[in-house]
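Just below is one structure, and these are the notes that go with it.
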Amino acid sequence: MRASRWSLIAWPAFVVAGMLEMMVFAVLDPETLSLLGRQMQWSRSTVYSLSFLIFWCMFMLCSAVTLQLARPASEVNADLAHPPARD
């Protein structure tokens with residue numbers, strides 16, 4: 001995948017994941033979270049970091065799917081007929 005596509009996927013996802021992180025943890029305390037009915041013994045920074053990475057990955061997936069669906073049919077069909085050379 002080209003670098004420009006990665007920037008179209010990763011950068012907006014990073015920004016939105018950061019905003020969601022702030023909104024979620026403005027109302028939730030990481031120390032009160034439980035997993036499968038058991039209190040988690042993780043530090044606040046661990047919960048913040050893991051949740052941010054999960055949010056970021058999910059938004060990158062959303063951005064990638066949106067970019068793929070926005071491609072014109074002629075471009076998709078051209079890729080199928082003539083696969084690009086490996087870099």
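All residue names refer to the structure tokens as shown: chains lettered A, B, ... in order, residues numbered from 1 in each chain, ligands numbered from 1 in order.
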
(request) Output as number ranges by chain all residues of chain A that backbone DSSP marks as strand (DSSP E). (result) A: 34-35, 38-39

Keeping only C-alpha atoms, write those residues as a compact mmCIF listing (two decimals), in the first residue's frame.
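In the end it all went to again07.txt:
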# COMPACT_ATOMS: atom_id res chain seq x y z
CA SER A 34 -13.66 -5.01 35.53
CA LEU A 35 -12.99 -7.76 33.01
CA ARG A 38 -13.00 -9.55 38.08
CA GLN A 39 -11.41 -6.25 39.04

(request) Enumerate as a PyMOL selection string all residues of segment 2-85 of chain A assigned to helix (DSSP H, G or I) by DSSP on the backbone, naming them with the chain letters and numbers the document uses. (result) chain A and resi 3-27+30-32+44-70+73-81

(request) For segment 54-65 of chain A, work out the shell of residues within 9 Å, counting only C-alpha atoms and skipping chain neighbours fewer than 5 positions away, then give it as a PyMOL selection string. (result) chain A and resi 5-6+8-18+20-21+49+70

(request) Rank nothing, just name the residue among A:Leu67, A:Ala78, A:Ala73, A:Val24 nearest to Val47 of chain A, using only C-alpha atoms. (result)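 Of all the options, A:Val24 lies closest to Val47 of chain A.
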
(request) State, in Å with one decimal place, the distance from atom CA of Phe25 of chain A to atom CA of Tyr48 of chain A. (result) 8.2 Å
